[in-house]
file final_31.cif (mmCIF, N, CA, C and O atoms)
data_upload
loop_
_atom_site.label_atom_id
_atom_site.label_comp_id
_atom_site.auth_asym_id
_atom_site.auth_seq_id
_atom_site.Cartn_x
_atom_site.Cartn_y
_atom_site.Cartn_z
N MET A 1 -19.56 -2.95 18.32
CA MET A 1 -18.39 -3.75 18.61
C MET A 1 -17.51 -2.98 19.60
O MET A 1 -17.04 -1.90 19.30
N ASN A 2 -17.32 -3.53 20.77
CA ASN A 2 -16.56 -2.85 21.81
C ASN A 2 -15.29 -3.63 22.10
O ASN A 2 -15.30 -4.65 22.77
N ARG A 3 -14.17 -3.14 21.57
CA ARG A 3 -12.89 -3.79 21.78
C ARG A 3 -12.03 -2.96 22.71
O ARG A 3 -12.26 -1.79 22.90
N GLU A 4 -11.01 -3.61 23.19
CA GLU A 4 -10.02 -2.88 23.98
C GLU A 4 -9.24 -1.96 23.05
O GLU A 4 -8.98 -2.31 21.91
N PRO A 5 -8.84 -0.80 23.54
CA PRO A 5 -8.09 0.13 22.69
C PRO A 5 -6.77 -0.45 22.19
O PRO A 5 -6.36 -0.15 21.07
N ALA A 6 -6.14 -1.28 22.99
CA ALA A 6 -4.86 -1.86 22.57
C ALA A 6 -5.04 -2.78 21.37
O ALA A 6 -4.20 -2.80 20.46
N VAL A 7 -6.13 -3.51 21.34
CA VAL A 7 -6.40 -4.40 20.21
C VAL A 7 -6.66 -3.58 18.96
O VAL A 7 -6.18 -3.90 17.87
N THR A 8 -7.42 -2.50 19.09
CA THR A 8 -7.72 -1.65 17.95
C THR A 8 -6.45 -1.03 17.38
O THR A 8 -6.26 -0.98 16.17
N VAL A 9 -5.57 -0.56 18.26
CA VAL A 9 -4.31 0.03 17.82
C VAL A 9 -3.44 -1.02 17.14
O VAL A 9 -2.83 -0.76 16.09
N ALA A 10 -3.40 -2.22 17.69
CA ALA A 10 -2.59 -3.28 17.10
C ALA A 10 -3.10 -3.65 15.71
O ALA A 10 -2.32 -3.83 14.77
N VAL A 11 -4.42 -3.76 15.55
CA VAL A 11 -4.99 -4.08 14.25
C VAL A 11 -4.70 -2.97 13.24
O VAL A 11 -4.35 -3.24 12.08
N ALA A 12 -4.80 -1.73 13.66
CA ALA A 12 -4.53 -0.60 12.77
C ALA A 12 -3.07 -0.59 12.33
O ALA A 12 -2.77 -0.38 11.15
N LEU A 13 -2.16 -0.84 13.26
CA LEU A 13 -0.74 -0.84 12.92
C LEU A 13 -0.38 -2.01 12.00
O LEU A 13 0.40 -1.85 11.05
N LEU A 14 -0.93 -3.18 12.27
CA LEU A 14 -0.64 -4.33 11.42
C LEU A 14 -1.23 -4.15 10.02
O LEU A 14 -0.59 -4.51 9.02
N THR A 15 -2.41 -3.57 9.94
CA THR A 15 -3.01 -3.30 8.63
C THR A 15 -2.18 -2.29 7.85
O THR A 15 -1.95 -2.45 6.65
N THR A 16 -1.72 -1.25 8.53
CA THR A 16 -0.88 -0.24 7.88
C THR A 16 0.42 -0.86 7.39
O THR A 16 0.85 -0.58 6.26
N ALA A 17 1.02 -1.69 8.20
CA ALA A 17 2.27 -2.35 7.79
C ALA A 17 2.04 -3.25 6.58
O ALA A 17 2.86 -3.28 5.65
N LEU A 18 0.93 -3.97 6.57
CA LEU A 18 0.63 -4.85 5.44
C LEU A 18 0.42 -4.05 4.16
O LEU A 18 0.91 -4.44 3.10
N VAL A 19 -0.28 -2.95 4.25
CA VAL A 19 -0.51 -2.11 3.06
C VAL A 19 0.81 -1.55 2.54
O VAL A 19 1.05 -1.52 1.33
N ILE A 20 1.69 -1.13 3.43
CA ILE A 20 2.98 -0.60 2.99
C ILE A 20 3.82 -1.68 2.33
O ILE A 20 4.47 -1.44 1.31
N VAL A 21 3.82 -2.89 2.88
CA VAL A 21 4.58 -3.99 2.28
C VAL A 21 4.03 -4.32 0.89
O VAL A 21 4.79 -4.51 -0.06
N ILE A 22 2.72 -4.36 0.76
CA ILE A 22 2.11 -4.64 -0.55
C ILE A 22 2.45 -3.53 -1.54
O ILE A 22 2.76 -3.80 -2.71
N ALA A 23 2.43 -2.28 -1.09
CA ALA A 23 2.77 -1.16 -1.96
C ALA A 23 4.23 -1.23 -2.40
O ALA A 23 4.55 -0.97 -3.57
N LEU A 24 5.11 -1.60 -1.49
CA LEU A 24 6.53 -1.74 -1.84
C LEU A 24 6.75 -2.88 -2.83
O LEU A 24 7.56 -2.76 -3.77
N LEU A 25 6.03 -3.98 -2.65
CA LEU A 25 6.14 -5.09 -3.60
C LEU A 25 5.63 -4.70 -4.98
O LEU A 25 6.23 -5.06 -6.00
N ALA A 26 4.54 -3.96 -5.03
CA ALA A 26 4.02 -3.50 -6.31
C ALA A 26 5.00 -2.54 -6.98
O ALA A 26 5.21 -2.60 -8.20
N ALA A 27 5.60 -1.67 -6.19
CA ALA A 27 6.58 -0.73 -6.74
C ALA A 27 7.82 -1.46 -7.26
O ALA A 27 8.33 -1.13 -8.34
N ALA A 28 8.29 -2.44 -6.51
CA ALA A 28 9.45 -3.21 -6.97
C ALA A 28 9.13 -3.97 -8.24
O ALA A 28 9.96 -4.03 -9.17
N GLY A 29 7.94 -4.54 -8.32
CA GLY A 29 7.54 -5.24 -9.54
C GLY A 29 7.43 -4.30 -10.72
O GLY A 29 7.86 -4.64 -11.85
N ALA A 30 6.89 -3.12 -10.51
CA ALA A 30 6.79 -2.15 -11.60
C ALA A 30 8.16 -1.70 -12.07
O ALA A 30 8.40 -1.57 -13.28
N ALA A 31 9.07 -1.49 -11.13
CA ALA A 31 10.43 -1.08 -11.51
C ALA A 31 11.14 -2.20 -12.28
O ALA A 31 11.82 -1.94 -13.28
N LYS A 32 10.99 -3.42 -11.83
CA LYS A 32 11.63 -4.55 -12.50
C LYS A 32 11.08 -4.72 -13.92
O LYS A 32 11.84 -4.93 -14.87
N LEU A 33 9.76 -4.63 -14.05
CA LEU A 33 9.16 -4.75 -15.37
C LEU A 33 9.59 -3.61 -16.28
O LEU A 33 9.82 -3.82 -17.49
N ALA A 34 9.71 -2.42 -15.73
CA ALA A 34 10.16 -1.28 -16.53
C ALA A 34 11.59 -1.48 -17.01
O ALA A 34 11.92 -1.20 -18.17
N ARG A 35 12.45 -1.98 -16.12
CA ARG A 35 13.85 -2.23 -16.52
C ARG A 35 13.92 -3.34 -17.56
O ARG A 35 14.71 -3.25 -18.51
N MET A 36 13.10 -4.37 -17.41
CA MET A 36 13.10 -5.45 -18.40
C MET A 36 12.60 -4.95 -19.75
O MET A 36 12.97 -5.49 -20.79
N ASP A 37 11.77 -3.90 -19.72
CA ASP A 37 11.25 -3.32 -20.95
C ASP A 37 12.25 -2.35 -21.59
O ASP A 37 12.00 -1.84 -22.66
N GLY A 38 13.36 -2.10 -20.92
CA GLY A 38 14.40 -1.25 -21.48
C GLY A 38 14.37 0.18 -20.99
O GLY A 38 15.06 1.04 -21.54
N ALA A 39 13.61 0.47 -19.96
CA ALA A 39 13.55 1.83 -19.42
C ALA A 39 14.84 2.15 -18.67
O ALA A 39 15.50 1.26 -18.14
N THR A 40 15.16 3.43 -18.62
CA THR A 40 16.32 3.85 -17.85
C THR A 40 16.00 3.76 -16.36
O THR A 40 14.84 3.61 -15.97
N TYR A 41 17.03 3.90 -15.53
CA TYR A 41 16.80 3.83 -14.09
C TYR A 41 15.87 4.95 -13.59
O TYR A 41 14.98 4.68 -12.78
N PRO A 42 16.05 6.19 -14.05
CA PRO A 42 15.10 7.22 -13.60
C PRO A 42 13.65 6.94 -14.03
O PRO A 42 12.71 7.18 -13.26
N ALA A 43 13.47 6.42 -15.24
CA ALA A 43 12.12 6.10 -15.70
C ALA A 43 11.53 4.95 -14.90
O ALA A 43 10.35 4.96 -14.55
N ALA A 44 12.36 3.96 -14.59
CA ALA A 44 11.88 2.83 -13.79
C ALA A 44 11.52 3.29 -12.38
O ALA A 44 10.53 2.84 -11.80
N LEU A 45 12.31 4.20 -11.83
CA LEU A 45 12.01 4.74 -10.50
C LEU A 45 10.70 5.54 -10.51
O LEU A 45 9.91 5.47 -9.56
N THR A 46 10.48 6.26 -11.59
CA THR A 46 9.23 7.00 -11.72
C THR A 46 8.03 6.06 -11.77
O THR A 46 7.00 6.30 -11.13
N ARG A 47 8.16 4.99 -12.52
CA ARG A 47 7.06 4.01 -12.59
C ARG A 47 6.84 3.34 -11.24
O ARG A 47 5.71 3.06 -10.85
N ALA A 48 7.93 3.06 -10.52
CA ALA A 48 7.81 2.46 -9.20
C ALA A 48 7.10 3.41 -8.24
O ALA A 48 6.22 3.00 -7.47
N ALA A 49 7.45 4.68 -8.28
CA ALA A 49 6.82 5.66 -7.41
C ALA A 49 5.34 5.81 -7.74
O ALA A 49 4.50 5.94 -6.84
N THR A 50 5.02 5.76 -9.03
CA THR A 50 3.62 5.85 -9.43
C THR A 50 2.83 4.65 -8.93
O THR A 50 1.70 4.80 -8.42
N ALA A 51 3.40 3.47 -9.03
CA ALA A 51 2.71 2.26 -8.55
C ALA A 51 2.54 2.31 -7.03
O ALA A 51 1.48 1.96 -6.51
N PHE A 52 3.58 2.74 -6.32
CA PHE A 52 3.49 2.86 -4.87
C PHE A 52 2.39 3.82 -4.46
O PHE A 52 1.56 3.52 -3.60
N ALA A 53 2.36 4.98 -5.10
CA ALA A 53 1.35 5.99 -4.78
C ALA A 53 -0.05 5.48 -5.12
O ALA A 53 -1.01 5.77 -4.38
N ALA A 54 -0.18 4.74 -6.20
CA ALA A 54 -1.49 4.22 -6.59
C ALA A 54 -2.01 3.22 -5.56
O ALA A 54 -3.19 3.24 -5.20
N VAL A 55 -1.14 2.35 -5.07
CA VAL A 55 -1.57 1.37 -4.07
C VAL A 55 -1.95 2.06 -2.76
O VAL A 55 -2.98 1.73 -2.15
N ILE A 56 -1.18 3.03 -2.33
CA ILE A 56 -1.49 3.76 -1.10
C ILE A 56 -2.81 4.53 -1.25
O ILE A 56 -3.65 4.54 -0.34
N THR A 57 -3.01 5.15 -2.42
CA THR A 57 -4.24 5.89 -2.66
C THR A 57 -5.45 4.96 -2.68
O THR A 57 -6.51 5.28 -2.12
N LEU A 58 -5.31 3.81 -3.33
CA LEU A 58 -6.39 2.84 -3.36
C LEU A 58 -6.73 2.34 -1.96
O LEU A 58 -7.90 2.21 -1.59
N ALA A 59 -5.72 2.07 -1.16
CA ALA A 59 -5.95 1.61 0.21
C ALA A 59 -6.66 2.69 1.03
O ALA A 59 -7.56 2.38 1.83
N ALA A 60 -6.29 3.94 0.84
CA ALA A 60 -6.95 5.02 1.57
C ALA A 60 -8.40 5.17 1.14
O ALA A 60 -9.28 5.40 1.98
N ALA A 61 -8.67 5.01 -0.14
CA ALA A 61 -10.04 5.12 -0.63
C ALA A 61 -10.90 3.98 -0.08
O ALA A 61 -12.06 4.20 0.33
N VAL A 62 -10.35 2.78 -0.07
CA VAL A 62 -11.10 1.64 0.47
C VAL A 62 -11.33 1.82 1.96
O VAL A 62 -12.43 1.54 2.47
N ALA A 63 -10.33 2.28 2.68
CA ALA A 63 -10.49 2.50 4.12
C ALA A 63 -11.54 3.58 4.39
O ALA A 63 -12.34 3.45 5.32
N GLY A 64 -11.55 4.61 3.58
CA GLY A 64 -12.55 5.66 3.76
C GLY A 64 -13.97 5.14 3.49
O GLY A 64 -14.91 5.49 4.20
N ALA A 65 -14.10 4.31 2.46
CA ALA A 65 -15.42 3.75 2.15
C ALA A 65 -15.88 2.81 3.26
O ALA A 65 -17.05 2.83 3.65
N LEU A 66 -14.99 2.00 3.77
CA LEU A 66 -15.34 1.09 4.85
C LEU A 66 -15.66 1.84 6.14
O LEU A 66 -16.55 1.46 6.89
N ALA A 67 -14.92 2.90 6.39
CA ALA A 67 -15.17 3.70 7.60
C ALA A 67 -16.56 4.33 7.54
O ALA A 67 -17.24 4.43 8.57
N ALA A 68 -16.96 4.74 6.36
CA ALA A 68 -18.29 5.33 6.21
C ALA A 68 -19.38 4.29 6.48
O ALA A 68 -20.46 4.62 6.98
N LEU A 69 -19.11 3.05 6.16
CA LEU A 69 -20.10 2.00 6.39
C LEU A 69 -20.22 1.62 7.87
O LEU A 69 -21.31 1.28 8.33
N PHE A 70 -19.13 1.67 8.59
CA PHE A 70 -19.13 1.20 9.97
C PHE A 70 -19.41 2.29 11.00
O PHE A 70 -19.48 2.00 12.18
N VAL A 71 -19.55 3.51 10.56
CA VAL A 71 -19.82 4.62 11.53
C VAL A 71 -21.30 4.78 11.72
O VAL A 71 -22.13 4.48 11.00
#
call {"tool": "encode", "arguments": {"input": "final_31.cif", "output": "structure tokens"}}
result
Amino acid sequence: MNREPAVTVAVALLTTALVIVIALLAAAGAAKLARMDGATYPAALTRAATAFAAVITLAAAVAGALAALFV
């Protein structure tokens, strides 16, 4: 597959932005659920950070697996 470099960069940036938005939404949902469960603000923030990190880690693992397939 031979694409223009600008298209490849645009796809990479849009994919990165989408992953970050999804990670932020997951973190916000985790924090909201933690607060509804009665957790303190620091505990809810910890759960949000854990969810954010988990989504970013999962996205990196999937990207690494896909990169290995396409090389």
call {"tool": "resolve_selection", "arguments": {"input": "final_31.cif", "expression": "the PyMOL selection byres (((chain A and resi 24 and name CA) around 10) and name CA)", "output": "number ranges by chain"}}
result
A: 18-23, 25-30, 48-49, 51-53, 55-56
call {"tool": "axis_aligned_box", "arguments": {"input": "final_31.cif", "around": "region 3-17 of chain A", "padding_each_side": "5 Å", "output": "lines of an AutoDock Vina configuration file"}}
result
center_x = -5.7
center_y = -2.2
center_z = 14.8
size_x = 27.0
size_y = 14.6
size_z = 28.3
call {"tool": "atom_distance", "arguments": {"input": "final_31.cif", "atom1": "atom N of Thr8 (chain A)", "atom2": "atom C of Phe70 (chain A)"}}
result
15.2 Å
call {"tool": "atom_distance", "arguments": {"input": "final_31.cif", "atom1": "CA of Ala54 (chain A)", "atom2": "CA of Tyr41 (chain A)"}}
result
19.8 Å
call {"tool": "atom_distance", "arguments": {"input": "final_31.cif", "atom1": "atom O of Val9 (chain A)", "atom2": "atom O of Leu45 (chain A)"}}
result
29.3 Å
